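K.L.:
Handing you a structure now.
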Amino acid sequence: MTHPVLLFALPLLAAFLLPVVWRASPAAGRLFGPLVLAVNVVIGLLAWDDVAGQALVIALGGFQPPFGIAFYIDRLALLFAVAVSLAILLLWPAGRDGDGAVREATLTLVLAAAGTGLAMSGDLFNIYVFYELTAVASYGLAAARGTGAGYAATMRFVVIGSFGAALMLIGVALVYQAAGTLNLAQLAQVAPGTLDGPLGLAAFVFMLFGAGVKAELFPVNTWVPEVYGAASKRVAGLLAGIISKLALLIILRLLVLVFQHAEAQQILLLLGVAGVITGELAAWRARDLTRMLAYSSIGQLGVMFIAFSIPGEAGVFAGLAVALHHMVVKPALFLLAGRWGGAVERLDGAAQASPLAAALFILLALSLIGIPPLPGFWAKFLVVSSALAQPGAAHAFAAAAILFAAVVEASYLFRVVARLYRRLPAARLPQAPGRRDLAVGSLLGAGLVAAVLWLAPVGDGLRGIAAEAADRDGYIRAVNPAVELLP
Amino acid sequence: MSPPDLGVILFTAAFGLAGIGILGIVISAHLVRIVLSIVLLETGANLLLMLSGFRFDAVAPVIVDGVVPASMVDPVPQALVLTAIVIGVAVQAFMMTLVLRLRRVYGTLDIRELRDLLERDLAREAGVGLPGSENAPVPATGSPAVARGEGSS
């Protein structure tokens, strides 16, 4: 009845139908997008049993891999596809009037389609195309507010994004030159003979910087604070929470399947540590809440890079834990920042205006810092402990950097909390977050608390997903059952 | 001295175009020049992709009158490069639209001026004072933005 490929096809179709529906009836148009995304979430959840035991490989158009384009849907891909749909549903753009609303809704649906496609794709060039589609949709959303600052920030985003995309394309060309295929499973098969030299490493670095633009990797993340500052906070939450994780998923797939070089892991470790330190220090110096959150997300993504640089299943598990945690916490924080977004000093007395919002901020901040028993603690604990289990000083240094970053995070987040609880006369209180923002934020916060209560099943489930994602032979066998693997 | 191999020339051209593009993005101060540099970089990348499957001793992979040519060019990169060109053109059109809008709003396309204007507007919206002081650590007490009279509130 339902088919997982609908996860990608449905929002794409809906995106181009939306203007027509909107013209027929604006009221129906407003409901159309969220409805499609809700259906998407249901389809994703229904497909869960199909992929639970064995990853699902879909040969698009009936062309069998490696000749056609394959979708590879394991539990990790499905988890991301559902998370993208759900997050975009929760962060659906606030109602505006006129043509702007139609365009914004259309772009948001394109973003949903591209994001789910990116999560499920099993072909390198297909990944490039979906990555660009995601990029173009997010450029449009970043500029959607129509302010001068929005255009200027988006221009910078587009320039860095196109630069990254061109590098990624060069990486793809180098891979094809060396290996003669772009199917990830076949690449995984032939990589040990063809891509383990300097050419393979160069291809990896090109693609790392390409995907790194969206994943807020250290040197190519200068767009982050400006775009998050100038775009609407829902878009900022989407980019920081979800889209960056999709780029991270590409890097994870590349590392696990194609580039198992020690050098590749060292580069990732180095850039991750640089991201953690620069991001958290910049967040500490930031004076407005939005940019503080933007810089903090650079730091958090640095932690994920460090985790993925740890070879084997432990690193994948730890990285996914941090990624999923950040996926819940950061959008919720950006939703709170929607009305609170200005200078930190303006937040004096916000707890009086809305006690629930302040309590929610504390919960999210504590989890972000990593205070037990919140999920953020377990995620960081996994990264630090598996980094310390590695031989060599580099990983130990990375673990120290993460702990140092936690102290810095505590310093700047508590600075905000202290502001929230200052007492002010009622006439000068700041605005409380909007009702919908607060409801969605509370829902995400409740998810965080639920993860604490069911820590063991969540942890076990995630460990299983990570083990499957880290299993290179399993990936090859799923796509090509007839293959004979070398021992 | 024998003439250099065509392949060498083309690979040099691909990396050369990409290099010129990257250099242009880094050193240009005018937005239109930056857009043009991106076009160059993408052209280099596309040429490289094209070359990744090309064989100089082969013909197009078309079977004419049932005769299968002895060696054929790999058609996959050519299909890929077509997609990449289309994506590139779309993004370039988007960039030029942004350039037009920026020109209309700020009246300049110099990236240094735009950067300052962006900082100013972001700081004004957030109410945290001017760009020069924007990165300064917050003092423990008081409100520097208000103290300096730069806040918009």
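In the structure tokens, chains take letters A, B, ... by order of appearance, with residues numbered from 1 within each chain and ligands from 1 in the order shown.
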Find the residues near stretch 110-123 of chain A: any atom within 6 Å, counting only C-alpha atoms, skip ones fewer than 4 places away on the same chain, and give them as a list of chain:residue names.

P.N.:
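Here the answer would be A:Phe8, A:Pro11, A:Leu12, A:Ala15, A:Ala70, A:Phe71, A:Tyr72, A:Ile73, A:Ala77, A:Ala81, A:Ile127, A:Phe130, A:Leu133, A:Thr134, A:Ala137, A:Leu182, A:Asn183, A:Leu184.
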
K.L.:
Store the residues picked out above, limited to all heavy atoms, as a tab-separated table (two decimals), in the first residue's frame.

P.N.:
```
chain	number	residue	atom	x	y	z
A	8	PHE	N	9.95	10.62	-0.28
A	8	PHE	CA	10.62	11.64	-1.06
A	8	PHE	C	9.68	12.21	-2.13
A	8	PHE	O	9.63	13.42	-2.35
A	8	PHE	CB	11.89	11.04	-1.69
A	8	PHE	CG	12.27	11.67	-2.98
A	8	PHE	CD1	12.79	12.94	-2.99
A	8	PHE	CD2	12.09	11.00	-4.17
A	8	PHE	CE1	13.14	13.55	-4.18
A	8	PHE	CE2	12.44	11.59	-5.36
A	8	PHE	CZ	12.96	12.87	-5.37
A	11	PRO	N	6.32	14.83	-0.89
A	11	PRO	CA	6.53	16.27	-0.69
A	11	PRO	C	6.95	16.99	-1.96
A	11	PRO	O	6.59	18.15	-2.17
A	11	PRO	CB	7.65	16.35	0.36
A	11	PRO	CG	7.85	15.00	0.87
A	11	PRO	CD	7.20	14.03	-0.03
A	12	LEU	N	7.70	16.31	-2.84
A	12	LEU	CA	8.14	16.96	-4.07
A	12	LEU	C	6.93	17.26	-4.97
A	12	LEU	O	6.79	18.37	-5.49
A	12	LEU	CB	9.15	16.08	-4.80
A	12	LEU	CG	9.91	16.79	-5.92
A	12	LEU	CD1	10.79	17.88	-5.35
A	12	LEU	CD2	10.78	15.80	-6.68
A	15	ALA	N	4.92	19.99	-3.40
A	15	ALA	CA	5.52	21.32	-3.51
A	15	ALA	C	5.06	22.01	-4.78
A	15	ALA	O	4.77	23.21	-4.78
A	15	ALA	CB	7.04	21.20	-3.49
A	70	ALA	N	20.14	3.86	-6.82
A	70	ALA	CA	19.51	3.07	-5.76
A	70	ALA	C	19.19	3.95	-4.56
A	70	ALA	O	19.95	4.86	-4.24
A	70	ALA	CB	20.42	1.94	-5.34
A	71	PHE	N	18.05	3.68	-3.95
A	71	PHE	CA	17.79	4.21	-2.62
A	71	PHE	C	18.14	3.12	-1.63
A	71	PHE	O	17.75	1.97	-1.80
A	71	PHE	CB	16.30	4.56	-2.47
A	71	PHE	CG	15.99	6.00	-2.79
A	71	PHE	CD1	16.94	6.82	-3.34
A	71	PHE	CD2	14.73	6.51	-2.52
A	71	PHE	CE1	16.65	8.14	-3.63
A	71	PHE	CE2	14.43	7.83	-2.81
A	71	PHE	CZ	15.39	8.64	-3.37
A	72	TYR	N	18.90	3.48	-0.63
A	72	TYR	CA	19.27	2.51	0.40
A	72	TYR	C	18.62	2.97	1.69
A	72	TYR	O	18.96	4.02	2.22
A	72	TYR	CB	20.79	2.46	0.55
A	72	TYR	CG	21.26	1.50	1.60
A	72	TYR	CD1	21.46	0.16	1.31
A	72	TYR	CD2	21.50	1.93	2.90
A	72	TYR	CE1	21.89	-0.72	2.28
A	72	TYR	CE2	21.92	1.05	3.88
A	72	TYR	CZ	22.11	-0.27	3.55
A	72	TYR	OH	22.53	-1.15	4.52
A	73	ILE	N	17.65	2.19	2.17
A	73	ILE	CA	16.91	2.62	3.35
A	73	ILE	C	17.16	1.63	4.48
A	73	ILE	O	16.55	0.56	4.53
A	73	ILE	CB	15.40	2.72	3.05
A	73	ILE	CG1	15.18	3.57	1.80
A	73	ILE	CG2	14.67	3.33	4.22
A	73	ILE	CD1	13.78	3.58	1.31
A	77	ALA	N	18.63	5.67	7.84
A	77	ALA	CA	18.09	6.53	6.79
A	77	ALA	C	16.63	6.84	7.06
A	77	ALA	O	16.18	7.99	6.93
A	77	ALA	CB	18.26	5.87	5.43
A	81	ALA	N	14.79	10.33	7.68
A	81	ALA	CA	13.70	10.78	6.81
A	81	ALA	C	12.48	11.17	7.64
A	81	ALA	O	11.86	12.22	7.39
A	81	ALA	CB	13.34	9.67	5.82
A	127	ILE	N	23.37	11.90	-4.37
A	127	ILE	CA	23.56	12.63	-3.12
A	127	ILE	C	23.92	14.08	-3.43
A	127	ILE	O	23.39	15.01	-2.82
A	127	ILE	CB	24.64	11.95	-2.26
A	127	ILE	CG1	24.06	10.70	-1.63
A	127	ILE	CG2	25.17	12.89	-1.20
A	127	ILE	CD1	25.05	9.90	-0.84
A	130	PHE	N	20.69	15.91	-4.54
A	130	PHE	CA	19.81	16.22	-3.41
A	130	PHE	C	20.43	17.26	-2.50
A	130	PHE	O	19.74	18.10	-1.93
A	130	PHE	CB	19.50	14.94	-2.61
A	130	PHE	CG	18.43	14.11	-3.25
A	130	PHE	CD1	18.60	12.75	-3.39
A	130	PHE	CD2	17.26	14.68	-3.71
A	130	PHE	CE1	17.62	11.98	-3.98
A	130	PHE	CE2	16.28	13.92	-4.29
A	130	PHE	CZ	16.46	12.56	-4.43
A	133	LEU	N	19.79	20.48	-4.05
A	133	LEU	CA	18.37	20.83	-3.93
A	133	LEU	C	18.08	21.34	-2.52
A	133	LEU	O	17.38	22.34	-2.34
A	133	LEU	CB	17.54	19.59	-4.24
A	133	LEU	CG	16.07	19.77	-4.58
A	133	LEU	CD1	15.92	20.72	-5.74
A	133	LEU	CD2	15.44	18.44	-4.94
A	134	THR	N	18.62	20.65	-1.53
A	134	THR	CA	18.49	21.11	-0.14
A	134	THR	C	19.06	22.51	-0.01
A	134	THR	O	18.46	23.38	0.63
A	134	THR	CB	19.26	20.18	0.81
A	134	THR	OG1	19.02	18.85	0.41
A	134	THR	CG2	18.85	20.37	2.22
A	137	ALA	N	16.84	25.22	-1.68
A	137	ALA	CA	15.65	25.48	-0.87
A	137	ALA	C	16.02	26.27	0.37
A	137	ALA	O	15.30	27.20	0.77
A	137	ALA	CB	14.98	24.16	-0.49
A	182	LEU	N	29.69	5.19	-9.08
A	182	LEU	CA	29.26	6.15	-8.06
A	182	LEU	C	28.26	5.52	-7.11
A	182	LEU	O	27.77	6.18	-6.20
A	182	LEU	CB	28.66	7.39	-8.72
A	182	LEU	CG	29.69	8.24	-9.47
A	182	LEU	CD1	29.01	9.34	-10.26
A	182	LEU	CD2	30.69	8.85	-8.52
A	183	ASN	N	27.92	4.25	-7.34
A	183	ASN	CA	27.03	3.55	-6.43
A	183	ASN	C	27.78	3.27	-5.13
A	183	ASN	O	28.88	2.70	-5.16
A	183	ASN	CB	26.58	2.25	-7.07
A	183	ASN	CG	25.62	1.50	-6.20
A	183	ASN	OD1	26.03	0.91	-5.22
A	183	ASN	ND2	24.35	1.55	-6.54
A	184	LEU	N	27.21	3.69	-4.00
A	184	LEU	CA	27.97	3.62	-2.76
A	184	LEU	C	28.37	2.20	-2.41
A	184	LEU	O	29.48	1.95	-1.92
A	184	LEU	CB	27.17	4.23	-1.62
A	184	LEU	CG	27.19	5.76	-1.52
A	184	LEU	CD1	26.38	6.21	-0.33
A	184	LEU	CD2	28.61	6.27	-1.40
```

K.L.:
Could you give me, as a tab-separated table, a per-residue list for stretch 71-136 of chain B showing, wherever an atom lies at most 9 Å from an atom of stretch 138-151 of chain A, the closest pair of atoms and their distance in Å to one decimal, using only C-alpha atoms and sorting by chain then residue number from low to high?

P.N.:
```
residue	atom	partner	partner_atom	distance
B:Phe94	CA	A:Gly140	CA	8.7
B:Leu98	CA	A:Tyr151	CA	6.3
B:Val99	CA	A:Tyr151	CA	8.4
B:Arg101	CA	A:Tyr151	CA	7.2
B:Leu102	CA	A:Tyr151	CA	6.3
B:Val105	CA	A:Gly148	CA	5.8
B:Tyr106	CA	A:Gly148	CA	7.1
B:Leu117	CA	A:Ala149	CA	7.7
B:Leu118	CA	A:Ala149	CA	5.1
B:Glu119	CA	A:Ala149	CA	8.2
B:Arg120	CA	A:Ala149	CA	8.8
B:Asp121	CA	A:Ala149	CA	6.1
B:Leu122	CA	A:Ala149	CA	6.7
```

K.L.:
For a quick test of understanding: name the residues of chain B lying within 6 Å of chain A when counting only C-alpha atoms, and present them as a ChimeraX atom specification.

P.N.:
/B:42,45,49,52,105,118,126-128,137

K.L.:
What is the distance, in Å and to one decimal place, between atom CA of A:Val276 and atom CA of A:Ala211?

P.N.:
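Straight-line distance from atom CA of A:Val276 to atom CA of A:Ala211 works out to 17.8 Å.
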
K.L.:
Within 12 Å of A:Ala215, counting only C-alpha atoms, which residues qualify if same-chain residues fewer than 5 places away don't, as a PyMOL selection string?

P.N.:
chain A and resi 131+135+161+164+207-210+220-224+239-252+271-272+275+297-305+323

K.L.:
List as an MDAnalysis selection string the protein and nucleic acid residues near B:Gln92, meaning an atom at most 9 Å away when only C-alpha atoms are counted, but skip any in the same chain fewer than 6 places from it.

P.N.:
(chainID A and resid 162) or (chainID B and resid 35:36 38:39)
